[in-house]
file start_7.txt (compact mmCIF, C-alpha atoms)
# COMPACT_ATOMS: atom_id res chain seq x y z
CA MET A 101 -8.71 13.31 -1.87
CA LEU A 102 -5.20 14.53 -2.51
CA MET A 103 -3.65 17.97 -2.41
CA ILE A 104 -1.23 18.57 -5.26
CA ARG A 105 1.23 21.42 -4.80
CA ALA A 106 3.34 22.28 -7.80
CA ILE A 107 6.23 24.73 -7.79
CA VAL A 108 6.62 26.05 -11.34
CA ARG A 109 8.32 28.88 -13.16
CA PRO A 110 6.24 32.09 -12.84
CA GLU A 111 6.18 32.55 -16.64
CA LYS A 112 4.82 29.02 -17.06
CA SER A 113 2.03 29.32 -14.51
CA ASP A 114 -0.46 30.83 -16.97
CA ASP A 115 0.16 27.95 -19.40
CA VAL A 116 -0.34 25.41 -16.63
CA LEU A 117 -3.53 27.10 -15.44
CA ALA A 118 -4.91 27.12 -18.99
CA ALA A 119 -4.00 23.46 -19.47
CA LEU A 120 -5.68 22.52 -16.19
CA MET A 121 -8.80 24.43 -17.23
CA ASP A 122 -8.92 22.57 -20.56
CA ALA A 123 -8.35 19.28 -18.74
CA GLY A 124 -11.38 19.90 -16.53
CA PHE A 125 -9.69 21.07 -13.33
CA PRO A 126 -10.76 24.71 -13.02
CA ALA A 127 -10.25 25.07 -9.27
CA VAL A 128 -6.71 26.16 -8.45
CA THR A 129 -5.08 28.52 -5.95
CA LYS A 130 -1.71 30.07 -6.66
CA TYR A 131 0.73 32.14 -4.66
CA SER A 132 4.21 33.35 -5.35
CA VAL A 133 7.12 31.89 -3.44
CA ALA A 134 10.89 32.11 -3.55
CA GLY A 135 13.24 29.20 -3.28
CA ARG A 136 16.15 27.20 -4.55
CA GLY A 137 16.73 23.61 -5.61
CA LYS A 138 19.58 21.22 -5.36
CA GLN A 139 21.62 23.28 -7.84
CA ARG A 140 21.88 25.82 -4.98
CA GLY A 141 20.41 28.67 -6.96
CA ILE A 142 21.80 30.28 -10.11
CA LYS A 143 25.29 31.68 -10.41
CA ILE A 144 25.52 34.57 -12.88
CA GLY A 145 29.00 36.02 -12.98
CA ASP A 146 30.10 36.55 -9.39
CA VAL A 147 26.60 36.76 -8.01
CA THR A 148 24.72 33.72 -6.74
CA TYR A 149 20.95 34.01 -6.66
CA ASP A 150 19.66 31.54 -4.09
CA GLU A 151 16.11 32.90 -3.80
CA ILE A 152 14.61 32.37 -7.21
CA PRO A 153 11.00 33.50 -7.68
CA LYS A 154 8.57 30.65 -8.36
CA MET A 155 4.82 30.18 -8.42
CA MET A 156 3.14 27.62 -6.17
CA LEU A 157 -0.04 26.06 -7.56
CA MET A 158 -2.31 24.29 -5.09
CA LEU A 159 -5.23 22.08 -6.06
CA VAL A 160 -7.18 19.28 -4.46
CA VAL A 161 -8.28 16.37 -6.64
CA ARG A 162 -9.80 12.93 -6.31
CA ASP A 163 -7.34 10.08 -5.81
CA GLU A 164 -7.96 8.63 -9.28
CA ASP A 165 -7.25 11.97 -11.02
CA LYS A 166 -3.80 12.34 -9.43
CA ASP A 167 -1.67 10.84 -12.20
CA PHE A 168 -3.54 12.69 -14.95
CA VAL A 169 -3.21 16.06 -13.21
CA ILE A 170 0.47 15.52 -12.46
CA GLN A 171 1.10 14.57 -16.08
CA THR A 172 -0.77 17.66 -17.29
CA ILE A 173 1.26 19.95 -15.04
CA MET A 174 4.53 18.28 -15.99
CA ASP A 175 3.88 18.43 -19.73
CA THR A 176 3.12 22.17 -19.64
CA ALA A 177 5.61 23.30 -16.99
CA ARG A 178 8.60 21.66 -18.64
CA THR A 179 10.70 24.02 -20.75
CA SER A 180 11.88 23.36 -24.31
CA GLY A 181 10.54 19.82 -24.56
CA LYS A 182 13.06 17.91 -22.50
CA GLY A 183 13.18 20.14 -19.45
CA ALA A 184 15.79 22.16 -17.62
CA PHE A 185 16.95 22.86 -14.06
CA GLY A 186 14.46 25.09 -12.30
CA ASP A 187 11.31 23.71 -13.92
CA GLY A 188 10.00 22.87 -10.48
CA LYS A 189 8.71 20.13 -8.24
CA ILE A 190 5.33 18.56 -7.52
CA PHE A 191 4.29 17.40 -4.04
CA VAL A 192 1.25 15.30 -3.14
CA ASN A 193 -0.41 15.26 0.30
CA ALA A 194 -3.39 13.39 1.69
CA VAL A 195 -6.46 15.52 2.46
CA GLU A 196 -8.84 14.01 5.00
CA GLU A 197 -11.79 16.37 4.79
CA VAL A 198 -12.98 18.98 2.29
CA TYR A 199 -15.69 21.56 3.03
CA THR A 200 -17.36 24.01 0.65
CA VAL A 201 -17.99 27.21 2.59
CA SER A 202 -20.86 28.52 0.44
CA SER A 203 -22.98 25.43 1.05
CA GLY A 204 -21.36 24.35 4.32
CA VAL A 205 -21.29 20.83 2.92
CA LYS A 206 -18.59 18.31 3.69
CA GLU A 207 -17.56 16.85 0.35
CA GLY A 208 -17.65 13.09 0.15
CA VAL A 209 -15.11 10.94 -1.61
CA GLU A 210 -17.47 10.45 -4.54
CA GLU A 211 -17.89 14.22 -4.99
CA ALA A 212 -15.64 16.17 -7.32
CA ALA A 213 -13.12 18.13 -5.29
CA ALA A 214 -12.86 21.90 -5.12
CA MET B 393 -2.62 16.97 14.94
CA LYS B 394 -4.38 18.35 11.90
CA GLU B 395 -3.65 21.20 9.53
CA VAL B 396 -6.71 23.18 8.47
CA ILE B 397 -6.23 25.18 5.27
CA ALA B 398 -9.04 27.61 4.53
CA ILE B 399 -9.32 29.72 1.38
CA VAL B 400 -11.59 32.70 2.09
CA ARG B 401 -12.64 36.07 0.68
CA ILE B 402 -10.28 38.94 1.50
CA ASN B 403 -13.01 41.16 2.93
CA MET B 404 -13.95 38.40 5.41
CA MET B 405 -10.53 38.30 7.03
CA ASN B 406 -11.38 40.54 10.02
CA GLN B 407 -14.46 38.54 10.97
CA THR B 408 -12.59 35.28 10.42
CA LYS B 409 -9.72 36.36 12.66
CA LYS B 410 -12.20 37.26 15.39
CA ALA B 411 -14.06 33.98 14.97
CA LEU B 412 -10.82 32.01 15.21
CA SER B 413 -9.80 33.72 18.44
CA ASP B 414 -13.30 33.09 19.83
CA ALA B 415 -12.88 29.43 18.90
CA GLY B 416 -9.71 29.34 21.00
CA VAL B 417 -7.20 29.41 18.17
CA ALA B 418 -4.46 31.93 18.83
CA ALA B 419 -1.85 30.84 16.33
CA TYR B 420 -2.31 30.72 12.59
CA PHE B 421 -0.77 32.26 9.53
CA VAL B 422 -2.28 33.89 6.49
CA ARG B 423 -0.94 34.45 3.03
CA GLU B 424 -2.16 36.21 -0.05
CA ALA B 425 -3.10 34.02 -2.97
CA GLN B 426 -5.07 34.10 -6.16
CA GLY B 427 -7.44 31.38 -7.17
CA ARG B 428 -10.41 30.18 -9.10
CA GLY B 429 -13.15 27.69 -8.40
CA LYS B 430 -15.49 25.60 -10.47
CA GLY B 431 -16.36 28.74 -12.43
CA PHE B 432 -20.12 28.84 -12.10
CA ALA B 433 -21.66 31.89 -13.73
CA ASN B 434 -22.92 34.60 -11.40
CA PRO B 435 -26.77 34.71 -11.50
CA LYS B 436 -26.67 38.53 -11.65
CA VAL B 437 -24.55 38.38 -14.80
CA LEU B 438 -26.98 35.95 -16.43
CA GLU B 439 -29.82 38.31 -15.56
CA GLY B 440 -27.88 41.17 -17.16
CA VAL B 441 -27.37 39.15 -20.34
CA ASP B 442 -31.10 38.47 -20.46
CA GLN B 443 -31.76 42.18 -20.27
CA GLY B 444 -29.34 42.74 -23.16
CA TYR B 445 -26.37 44.38 -21.42
CA GLU B 446 -23.26 43.92 -23.57
CA GLU B 447 -20.89 44.27 -20.60
CA ALA B 448 -22.55 41.30 -18.93
CA ALA B 449 -22.19 39.19 -22.06
CA ALA B 450 -18.49 40.08 -22.24
CA VAL B 451 -17.92 39.02 -18.63
CA LEU B 452 -19.74 35.73 -19.26
CA GLY B 453 -17.08 34.60 -21.69
CA GLU B 454 -14.31 35.07 -19.12
CA LYS B 455 -13.15 31.68 -17.96
CA GLY B 456 -10.36 30.92 -15.59
CA LYS B 457 -10.18 34.40 -14.13
CA LEU B 458 -8.20 34.42 -10.89
CA TYR B 459 -9.64 36.22 -7.88
CA PRO B 460 -7.56 37.50 -4.95
CA LYS B 461 -8.06 35.33 -1.85
CA ARG B 462 -6.54 34.76 1.56
CA VAL B 463 -5.27 31.35 2.62
CA ILE B 464 -5.43 30.70 6.38
CA THR B 465 -3.35 27.83 7.76
CA VAL B 466 -4.08 26.60 11.28
CA VAL B 467 -2.53 23.61 13.03
CA VAL B 468 -4.79 22.27 15.78
CA GLU B 469 -5.34 19.17 17.86
CA ASP B 470 -7.67 16.52 16.45
CA ASN B 471 -10.58 17.37 18.77
CA GLN B 472 -10.51 21.07 17.78
CA VAL B 473 -10.87 20.48 14.04
CA GLU B 474 -14.66 20.42 14.04
CA ASP B 475 -14.94 23.69 16.02
CA VAL B 476 -12.46 25.50 13.81
CA VAL B 477 -14.10 24.33 10.57
CA GLN B 478 -17.55 25.29 11.86
CA ALA B 479 -16.31 28.70 13.02
CA ILE B 480 -14.84 29.46 9.60
CA ILE B 481 -17.96 28.27 7.79
CA ASN B 482 -20.26 30.31 10.07
CA VAL B 483 -18.61 33.66 9.36
CA ASN B 484 -17.68 33.11 5.71
CA GLN B 485 -20.89 31.60 4.40
CA THR B 486 -22.81 33.95 2.11
CA GLY B 487 -24.22 31.15 -0.02
CA LYS B 488 -22.74 32.57 -3.22
CA PRO B 489 -19.95 30.97 -5.27
CA GLY B 490 -16.53 32.15 -4.13
CA ASP B 491 -16.97 31.69 -0.39
CA GLY B 492 -14.00 29.35 -0.38
CA LYS B 493 -12.90 25.87 0.56
CA ILE B 494 -11.56 24.25 3.71
CA PHE B 495 -9.12 21.35 3.61
CA VAL B 496 -8.13 19.21 6.60
CA MET B 497 -4.80 17.42 6.37
CA PRO B 498 -2.77 15.30 8.78
CA VAL B 499 0.40 16.72 10.34
CA MET B 500 3.10 14.31 11.44
CA ASP B 501 4.95 16.44 13.97
CA ALA B 502 5.39 20.00 15.20
CA VAL B 503 8.28 21.65 17.00
CA ARG B 504 8.30 24.89 18.94
CA VAL B 505 11.63 26.47 18.06
CA ARG B 506 11.91 28.54 21.25
CA THR B 507 11.76 25.56 23.64
CA ALA B 508 12.28 22.59 21.28
CA GLU B 509 8.98 21.11 22.55
CA LYS B 510 7.58 18.48 20.22
CA GLY B 511 4.14 17.19 19.27
CA GLU B 512 0.94 18.45 20.91
CA ALA B 513 2.92 20.57 23.39
CA ALA B 514 4.30 22.63 20.53
CA ILE B 515 0.91 23.84 19.29
CA VAL B 516 -0.98 24.65 22.51
call {"tool": "encode", "arguments": {"input": "start_7.txt", "output": "structure tokens"}}
result
Amino acid sequence: MLMIRAIVRPEKSDDVLAALMDAGFPAVTKYSVAGRGKQRGIKIGDVTYDEIPKMMLMLVVRDEDKDFVIQTIMDTARTSGKGAFGDGKIFVNAVEEVYTVSSGVKEGVEEAAA
Amino acid sequence: MKEVIAIVRINMMNQTKKALSDAGVAAYFVREAQGRGKGFANPKVLEGVDQGYEEAAAVLGEKGKLYPKRVITVVVEDNQVEDVVQAIINVNQTGKPGDGKIFVMPVMDAVRVRTAEKGEAAIV
């Protein structure tokens, strides 16, 4: 299983969540974060904003679903077709064990995650 | 070293904090998050629809609603993982959908900023 963490624009997060739901990945956790990328924030006039609000989406998927989920997130989180600075990043981590609290069951590799 | 990420109900936080300290985990951090799960219908709502309540039928159509949750992140040694996971399951299990998920992930290294200790020494 893999944990996918995507940093996206806050205004795009609803679109991404809807797209993930349609694609068959209902289980997602999101929390708001602030950060900057390699453009060192945004400079507007004399003021540089280096803590730009973003939304972090966290979901755990089976290994074989990784590319599809990443493509779904990228297609919906990208702005104006070809993308712009600040559209975000996606990180993938290995998850060794997954437990469902309500049943207390340890999910196997063949089980659908989350 | 392993990172245990648990997504739990917000009203279970006090019991969970107590259970973690009983399990010998002193250090962890918690953040607010919103999330959704597989989206199984609540049996009580289905019952309400059967009895002809319109409110229940309206709720049934809601898909992808996000519920407020707490995300607990604990970094522990490999041999503690089982105890921590079991402690969280024991207090949070109500048997209903929405109890949460627990993920266990590998951690490559840890550093205690105060003393610059590395590895296992940084987390005990």
call {"tool": "axis_aligned_box", "arguments": {"input": "start_7.txt", "around": "region 416-431 of chain B", "padding_each_side": "6 Å", "output": "lines of an AutoDock Vina configuration file"}}
result
center_x = -8.6
center_y = 30.9
center_z = 4.3
size_x = 27.6
size_y = 22.6
size_z = 45.4
call {"tool": "residues_around", "arguments": {"input": "start_7.txt", "residues": "Met101 (chain A)", "least_positions_apart": "3", "cutoff": "7 Å", "atoms": "only C-alpha atoms", "output": "NGL selection string"}}
result
:A and (160-163 or 194-196 or 209)
call {"tool": "residues_near_point", "arguments": {"input": "start_7.txt", "point": "(-9.8, 27.4, 3.8)", "cutoff": "6 Å", "atoms": "all atoms listed in the file", "output": "number ranges by chain"}}
result
B: 397-400, 493-494
call {"tool": "write_last_selection", "arguments": {"input": "start_7.txt", "atoms": "C-alpha atoms", "output": "PDB file, in the frame of the given file"}}
result
ATOM      1  CA  ILE B 397      -6.230  25.180   5.270  1.00  0.00           C
ATOM      2  CA  ALA B 398      -9.040  27.610   4.530  1.00  0.00           C
ATOM      3  CA  ILE B 399      -9.320  29.720   1.380  1.00  0.00           C
ATOM      4  CA  VAL B 400     -11.590  32.700   2.090  1.00  0.00           C
ATOM      5  CA  LYS B 493     -12.900  25.870   0.560  1.00  0.00           C
ATOM      6  CA  ILE B 494     -11.560  24.250   3.710  1.00  0.00           C
TER       7      ILE B 494
END
call {"tool": "interface_residues", "arguments": {"input": "start_7.txt", "of": "chain B", "to": "chain A", "cutoff": "7 Å", "atoms": "only C-alpha atoms", "output": "ChimeraX atom specification"}}
result
/B:424-431,456,481,484-489,491-497
call {"tool": "atom_distance", "arguments": {"input": "start_7.txt", "atom1": "CA of Gly135 (chain A)", "atom2": "CA of Gln171 (chain A)"}}
result
22.9 Å
call {"tool": "residues_near_point", "arguments": {"input": "start_7.txt", "point": "(6.0, 32.8, -10.0)", "cutoff": "6 Å", "atoms": "only C-alpha atoms", "output": "PyMOL selection string"}}
result
chain A and resi 109-110+132+153-155
call {"tool": "closest_residue", "arguments": {"input": "start_7.txt", "among": "A:Val133, A:Ile173, A:Thr179, A:Lys143", "to": "Phe191 (chain A)", "atoms": "only C-alpha atoms"}}
result
A:Ile173
call {"tool": "atom_distance", "arguments": {"input": "start_7.txt", "atom1": "CA of Val417 (chain B)", "atom2": "CA of Lys394 (chain B)"}}
result
13.0 Å
call {"tool": "atom_distance", "arguments": {"input": "start_7.txt", "atom1": "CA of Ala134 (chain A)", "atom2": "CA of Ile515 (chain B)"}}
result
26.3 Å
call {"tool": "closest_residue", "arguments": {"input": "start_7.txt", "among": "A:Ile152, A:Phe185, A:Ile170, A:Arg105", "to": "Gln139 (chain A)", "atoms": "only C-alpha atoms"}}
result
A:Phe185
call {"tool": "closest_residue", "arguments": {"input": "start_7.txt", "among": "A:Val108, A:Glu207, A:Val147, A:Asp167", "to": "Val192 (chain A)", "atoms": "all atoms listed in the file"}}
result
A:Asp167
